[in-house]
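Everything on this sheet refers to the single structure shown next.
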Amino acid sequence: MSEFTVGESGFLLDGRPVRLLSGALHYFRVHEAQWGHRLAMLRAMGLNCVETYVPWNLHQPRPGVCRDVGAVGRFLDAVREAGLWAIVRPGPYSCAEWENGGLPAWLTGEPGTRVRTRDERFLCHVRDWWGRLLPEIVPRQLDRGGPVIMVQVENEYGSYGSDTRYLEELAGLLRAGGVTAALFTSDGPEDHMLTGGSLPGVLATVNFGSHAREAFDALRRHRPRGPLMCTEFWCGWFDHWAGEHAVRDPEDAAGALREILECGASVNLYMAHGGTAFGGWAGANRGGDLHDGPLEPDVTSYDYDAPVDEYGRPTEKFWRFRELLSAGRAGPLPGLPPRPDVLGAPAEAALRGWAPLPAVLEALGGPETVTAVPPTFEELGVTRGLVRYEVGVPGPRRPYQLTVRGLRDLAVVYVDGERAGVLTEEEPRLREPVAGPARVELWVENLGRVNYGPRLGEAKGVTGGVLHERQYLHGVRARGLDLDAFAGGVGAVPFGALPRAGAPGLYRGTVTVRGAGDARLELPGGTRGFVWINGFGLGRYWSAGPQRSLYVPGPVLREGENEVWLLELDAPDGAATGLPAPRLRPV
């Protein structure tokens with residue numbers, strides 16, 4: 001078996017110097033049937049390694065309950081078959097522009113628990129989770145014939161905290177769990193980040209998008225010896241809903257990569273292939289220099305302006321990088337793999353049934369609670385989805401303004417059954433006053449839990465209360481609809497005829513496909529919601545843009561009839577005759 005070690009000045013494979021040319025590819029953002037193609041694209045670009053996070057919340061939806069942890073092992077087996085090494089980043093925190101940074105909502109919502117510290121309640125959960133995860137990683141390490149050469153301790157911890165004893169605990173848990181591969185940390189190239197996030201005896205690396213020499217100089221102030229590595233070379237960037245589409249010039253990105261290589265460093269392209277946040281798992285950021293400003297939800301696409309785009313196609317950046325990475329090789333690079341099948345012809349879905357949101361909630365939602373104050377999503381066991389809050393305004397009383405304190409993130413408000421407006425964290429007050437008595441409904445959506453910064457783990461829903469004038473309204477009925485409820489199908493939903501005008505609710509229909517393959521789904525007239533095809537969650541759509549269509553992996557489609565569910569959460573823009581039919585188009 002081969003041995004990968006960390007030397008005084010570089011990495012060694014069986015005692016010989018080796019440079020890591022890695023690329024980030026998240027197994028959970030790529031349909032499993034397409035792993036092989038995407039990995040082959042990385043090899044064709046000139047990479048010898050692939051890096052992936054492991055999102056805790058995807059695999060442990062409830063305490064002690066695990067879901068397909070074996071996907072990690074299957075992916076690492078695919079990496080080995082592709083002839084690549086693997087870098088694994090098992091958390092417990094990931095970031096990755098993923099819901100809650102990969103931490104389970106039931107964990108961050110647990111009273112008294114201090115995540116990402118040596119708090120024993122938190123570490124107890126980490127021990128349980130890693131006890132289930134590490135058996136997928138440990139047998140697949142290089143010294144056992146597998147591809148895993150490096151394992152990360154936490155992730156960019158210096159951007160969050162300074163509890164180095166916590167990092168020591170994690171490193172000890174990894175070693176006790178059988179990890180013999182090289183351990184490492186990664187942080188921004190700033191003194192306070194490297195001070196807070198690095199650990200004596202563990203390889204320290206840095207993350208950046210440009211100015212490699214300055215970044216490595218900062219690393220050398222803290223680590224005079226050891227390999228130089230950029231664990232996240234940000235060759236592109238991600239998008240936020242209602243923001244601008246991020247694009248990085250290929251020539252500029254190639255120049256920054258060239259500088260890294262000229263420094264003699266190893267590199268991991270973040271992202272080499274971004275993929276998609278299927279299933280509504282996209283996270284959110286907070287704006288401002290200190291990441292404490294307005295919420296900025298991440299779009300479903302994680303294309304990242306990467307060298308291999310969301311559809312698995314090479315971009316101009318791919319060819320620029322391939323040219324750089326091929327320099328100095330003894331032989332030619334592998335050729336590109338055959339492109340996956342593409343949808344043979346456009347197709348329009350036929351929507352045949354509809355159920356209003358209250359009926360969907362009744363069929364698929366959790367139990368209703370009645371409490372003095374509004375419960376959070378976490379208290380109701382809701383991760384991705386929405387909660388209906390219902391509260392009464394006593395009367396008789398004159399009209400007063402209605403305000404929702406601590407709203408996270410967006411609420412469509414109905415007063416006595418009539419739509420009264422949309423509230424957000426920045427605009428939490430109804431424009432028109434409300435007189436009593438009245439019945440107020442708040443359909444509150446989680447637009448994505450924060451994945452980075454000091455507000456990581458904040459609760460969702462109505463976290464303060466509902467105010468009429470200055471008076472809190474008590475006696476709140478609440479019921480949640482989690483997106484996981486759709487995994488069991490929608491057979492219990494009482495569908496009826498389509499509405500005459502655009503309306504929120506669950507739409508059901510079919511789309512007939514000839515020549516199944518990769519496609520994109522357009523939703524003209526849809527405002528905001530989620531889509532499933534054949535039970536596979538494509539993710540969130542939103543007319544706010546900049547994303548205008550959703551990626552449909554070819555393996556999701558089948559020849560002939562395919563079932564479509566569309567959960568529309570707000571009245572479509574300007575729709576007077578119902579929701580326009582979704583359309584499939586070739587990519």
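Within each chain, counting starts at residue 1; across the structure tokens, chains are named A, B, ... in the order shown, with ligands numbered 1 upward in that order.
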Residues of range 204-280 of chain A within 10 Å of range 521-532 of chain A: nearest atom pair and distance (Å, one decimal) for each, counting only C-alpha atoms, sorted by chain and number, as a tab-separated table?
```
residue	atom	partner	partner_atom	distance
A:Phe278	CA	A:Trp532	CA	9.8
A:Gly279	CA	A:Phe530	CA	8.3
A:Gly280	CA	A:Phe530	CA	7.4
```
Write to file, as a PDB file, in the first residue's frame, the residues of the selection just made, with N, CA, C and O atoms.
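Everything below was put into out_31.pdb:
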```pdb
ATOM      1  N   PHE A 278     -29.852  20.571  -4.781  1.00  0.00           N
ATOM      2  CA  PHE A 278     -31.137  19.912  -4.945  1.00  0.00           C
ATOM      3  C   PHE A 278     -31.870  19.845  -3.610  1.00  0.00           C
ATOM      4  O   PHE A 278     -31.271  19.898  -2.534  1.00  0.00           O
ATOM      5  N   GLY A 279     -33.189  19.680  -3.675  1.00  0.00           N
ATOM      6  CA  GLY A 279     -33.966  19.416  -2.475  1.00  0.00           C
ATOM      7  C   GLY A 279     -34.177  20.603  -1.562  1.00  0.00           C
ATOM      8  O   GLY A 279     -34.625  20.429  -0.428  1.00  0.00           O
ATOM      9  N   GLY A 280     -33.831  21.820  -2.022  1.00  0.00           N
ATOM     10  CA  GLY A 280     -34.023  22.988  -1.165  1.00  0.00           C
ATOM     11  C   GLY A 280     -32.982  23.148  -0.092  1.00  0.00           C
ATOM     12  O   GLY A 280     -33.239  23.784   0.936  1.00  0.00           O
TER      13      GLY A 280
END
```
- Task: Extract the full set of strand (DSSP E or B) residues from range 374-528 of chain A according to DSSP on the backbone, and format it as a ChimeraX atom specification.
- Result: /A:376,385-400,402-408,410-415,418-424,429,434-445,450,461-468,471-472,476-482,496,505-513,518-522,528
Can you pull out every residue within 12 Å of Gly293 in chain A, counting only C-alpha atoms, but drop anything in the same chain fewer than 4 positions away, and send it as a JSON list (two decimals) with N, CA and C atoms, in the first residue's frame?
```json
[["chain", "number", "residue", "atom", "x", "y", "z"],
["A", 284, "ALA", "N", -27.68, 30.44, 3.18],
["A", 284, "ALA", "CA", -27.81, 31.89, 3.07],
["A", 284, "ALA", "C", -26.63, 32.54, 3.77],
["A", 285, "ASN", "N", -26.38, 33.77, 3.40],
["A", 285, "ASN", "CA", -25.34, 34.56, 4.06],
["A", 285, "ASN", "C", -25.95, 35.81, 4.66],
["A", 286, "ARG", "N", -25.18, 36.49, 5.47],
["A", 286, "ARG", "CA", -25.55, 37.80, 5.99],
["A", 286, "ARG", "C", -24.63, 38.82, 5.36],
["A", 287, "GLY", "N", -25.19, 39.93, 4.88],
["A", 287, "GLY", "CA", -24.41, 40.95, 4.22],
["A", 287, "GLY", "C", -23.55, 41.75, 5.18],
["A", 288, "GLY", "N", -22.73, 42.63, 4.63],
["A", 288, "GLY", "CA", -21.88, 43.49, 5.44],
["A", 288, "GLY", "C", -20.50, 42.91, 5.66],
["A", 289, "ASP", "N", -19.57, 43.79, 6.02],
["A", 289, "ASP", "CA", -18.18, 43.38, 6.23],
["A", 289, "ASP", "C", -18.03, 42.34, 7.33],
["A", 425, "GLU", "N", -37.79, 40.39, 7.08],
["A", 425, "GLU", "CA", -37.03, 40.82, 8.25],
["A", 425, "GLU", "C", -36.82, 42.34, 8.21],
["A", 426, "GLU", "N", -36.59, 42.88, 7.02],
["A", 426, "GLU", "CA", -36.35, 44.32, 6.89],
["A", 426, "GLU", "C", -37.66, 45.12, 6.88],
["A", 450, "VAL", "N", -28.34, 30.53, 7.71],
["A", 450, "VAL", "CA", -27.02, 31.14, 7.53],
["A", 450, "VAL", "C", -25.95, 30.06, 7.57],
["A", 453, "GLY", "N", -20.36, 32.79, 9.32],
["A", 453, "GLY", "CA", -20.31, 34.00, 10.11],
["A", 453, "GLY", "C", -20.91, 33.85, 11.49],
["A", 454, "PRO", "N", -20.94, 34.95, 12.25],
["A", 454, "PRO", "CA", -21.34, 34.89, 13.66],
["A", 454, "PRO", "C", -22.82, 34.56, 13.87],
["A", 455, "ARG", "N", -23.64, 34.66, 12.82],
["A", 455, "ARG", "CA", -25.06, 34.37, 12.99],
["A", 455, "ARG", "C", -25.43, 32.97, 12.52]]
```
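When only C-alpha atoms are used to measure the gap to Leu386 in chain A, the shortest distance among A:Tyr452, A:Trp35, A:Trp443, A:Trp354 belongs to A:Trp443.
Distance-wise, CA of Arg116 in chain A and CA of Trp234 in chain A end up 24.3 Å apart.
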- Task: Write out as JSON, numbers by chain the residues lying within 6 Å of Glu51 in chain A, counting only C-alpha atoms and excluding same-chain residues fewer than 4 positions away.
- Result: {"A": [23, 24, 86, 87, 88]}
I need the chosen residues saved as a compact mmCIF listing (two decimals), in the first residue's frame, with C-alpha atoms.
```txt
# COMPACT_ATOMS: atom_id res chain seq x y z
CA GLY A 23 -10.74 20.08 -7.35
CA ALA A 24 -13.83 20.46 -5.19
CA ALA A 86 -9.57 12.20 -2.18
CA ILE A 87 -9.58 14.95 0.43
CA VAL A 88 -12.50 14.61 2.85
```
- Message: Ranking A:Ala544, A:Leu199, A:Leu39, A:Ala345 by minimum distance to Tyr166 in chain A and counting only C-alpha atoms, which one comes first?
- Response: A:Leu199
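Excluding range 210-214 of chain A and any residue on its chain fewer than 5 positions from it, the residues at most 7 Å away by only C-alpha atoms are A:Ala256, A:Glu259, A:Ile260.
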Include N, CA, C and O atoms and write out the residues we just selected as an mmCIF file, in the first residue's frame.
```cif
data_model
loop_
_atom_site.group_PDB
_atom_site.id
_atom_site.type_symbol
_atom_site.label_atom_id
_atom_site.label_comp_id
_atom_site.auth_asym_id
_atom_site.auth_seq_id
_atom_site.Cartn_x
_atom_site.Cartn_y
_atom_site.Cartn_z
ATOM 1 N N ALA A 256 -4.327 33.854 -11.608
ATOM 2 C CA ALA A 256 -4.226 33.596 -10.169
ATOM 3 C C ALA A 256 -3.777 32.162 -9.906
ATOM 4 O O ALA A 256 -2.983 31.905 -8.987
ATOM 5 N N GLU A 259 -0.037 31.852 -10.503
ATOM 6 C CA GLU A 259 0.758 32.363 -9.383
ATOM 7 C C GLU A 259 0.878 31.333 -8.273
ATOM 8 O O GLU A 259 1.947 31.176 -7.671
ATOM 9 N N ILE A 260 -0.193 30.617 -7.983
ATOM 10 C CA ILE A 260 -0.146 29.558 -6.973
ATOM 11 C C ILE A 260 0.880 28.497 -7.366
ATOM 12 O O ILE A 260 1.719 28.077 -6.557
#
```
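By chain and then residue number, the residues within 10 Å of Arg144 in chain A are Met1, Ser2, Glu3, Val138, Pro139, Arg140, Gln141, Leu142, Gly146, Pro147, Val148 and Thr180 of chain A, counting only C-alpha atoms and disregarding those fewer than 2 positions away in sequence.
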Write out as a Markdown table a residue-level contact list of range 418-447 of chain A versus range 470-488 of chain A with cut-off 10 Å: for each qualifying residue the closest pair of atoms and the distance in Å to one decimal, counting only C-alpha atoms, rows sorted by chain and residue number upward.
```
| residue | atom | partner | partner_atom | distance |
| --- | --- | --- | --- | --- |
| A:Glu441 | CA | A:Arg477 | CA | 9.4 |
| A:Leu442 | CA | A:Ala478 | CA | 9.4 |
| A:Trp443 | CA | A:Gly480 | CA | 9.5 |
| A:Val444 | CA | A:Gly480 | CA | 9.4 |
| A:Glu445 | CA | A:Leu481 | CA | 9.8 |
```
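Distances here use only C-alpha atoms; by that measure, the residue among A:Tyr302, A:Tyr311, A:Phe377, A:Phe11 closest to Ala459 in chain A is A:Phe377.
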- Determine the nearest neighbour of Thr300 in chain A from the options A:Leu550, A:Val422, A:Ala355, A:Cys49, counting only C-alpha atoms. A:Leu550
In range 436-545 of chain A, DSSP helix (DSSP H, G or I) residues written as a tab-separated table (two decimals) with C-alpha atoms, in the first residue's frame:
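Dumped to out.tsv:
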```tsv
chain	number	residue	atom	x	y	z
A	483	LEU	CA	-39.95	19.47	2.50
A	484	ASP	CA	-38.99	15.99	3.71
A	485	ALA	CA	-42.73	15.23	3.90
A	486	PHE	CA	-42.80	15.08	0.09
A	487	ALA	CA	-40.39	12.14	0.06
A	488	GLY	CA	-43.34	9.85	0.75
```
- Near-Gly196 in chain A list (7 Å; only C-alpha atoms; drop same-chain fewer than 5 positions) as a PyMOL selection string: chain A and resi 157-158+161-162+164
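When only C-alpha atoms are used to measure the gap to Val342 in chain A, the shortest distance among A:Gly283, A:Arg439, A:Arg583, A:Gly554 belongs to A:Gly554.
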Show me a table, sorted first by chain and then by increasing residue number, of the residues of range 307-359 of chain A having an atom at most 9 Å from range 241-250 of chain A, each with its shortest atom pair and the distance in Å to one decimal, counting only C-alpha atoms and written as JSON lines.
```
{"residue": "A:Pro307", "atom": "CA", "partner": "A:Pro250", "partner_atom": "CA", "distance": 8.7}
{"residue": "A:Thr315", "atom": "CA", "partner": "A:Pro250", "partner_atom": "CA", "distance": 8.9}
{"residue": "A:Glu316", "atom": "CA", "partner": "A:Pro250", "partner_atom": "CA", "distance": 6.5}
{"residue": "A:Lys317", "atom": "CA", "partner": "A:Pro250", "partner_atom": "CA", "distance": 4.7}
{"residue": "A:Phe318", "atom": "CA", "partner": "A:Pro250", "partner_atom": "CA", "distance": 8.5}
{"residue": "A:Arg320", "atom": "CA", "partner": "A:Pro250", "partner_atom": "CA", "distance": 7.1}
{"residue": "A:Phe321", "atom": "CA", "partner": "A:Pro250", "partner_atom": "CA", "distance": 8.8}
```
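In terms of minimum interatomic distance to Leu456 in chain A, A:His291 ranks closest within A:Leu58, A:His291, A:Gln34, A:Phe233, counting only C-alpha atoms.
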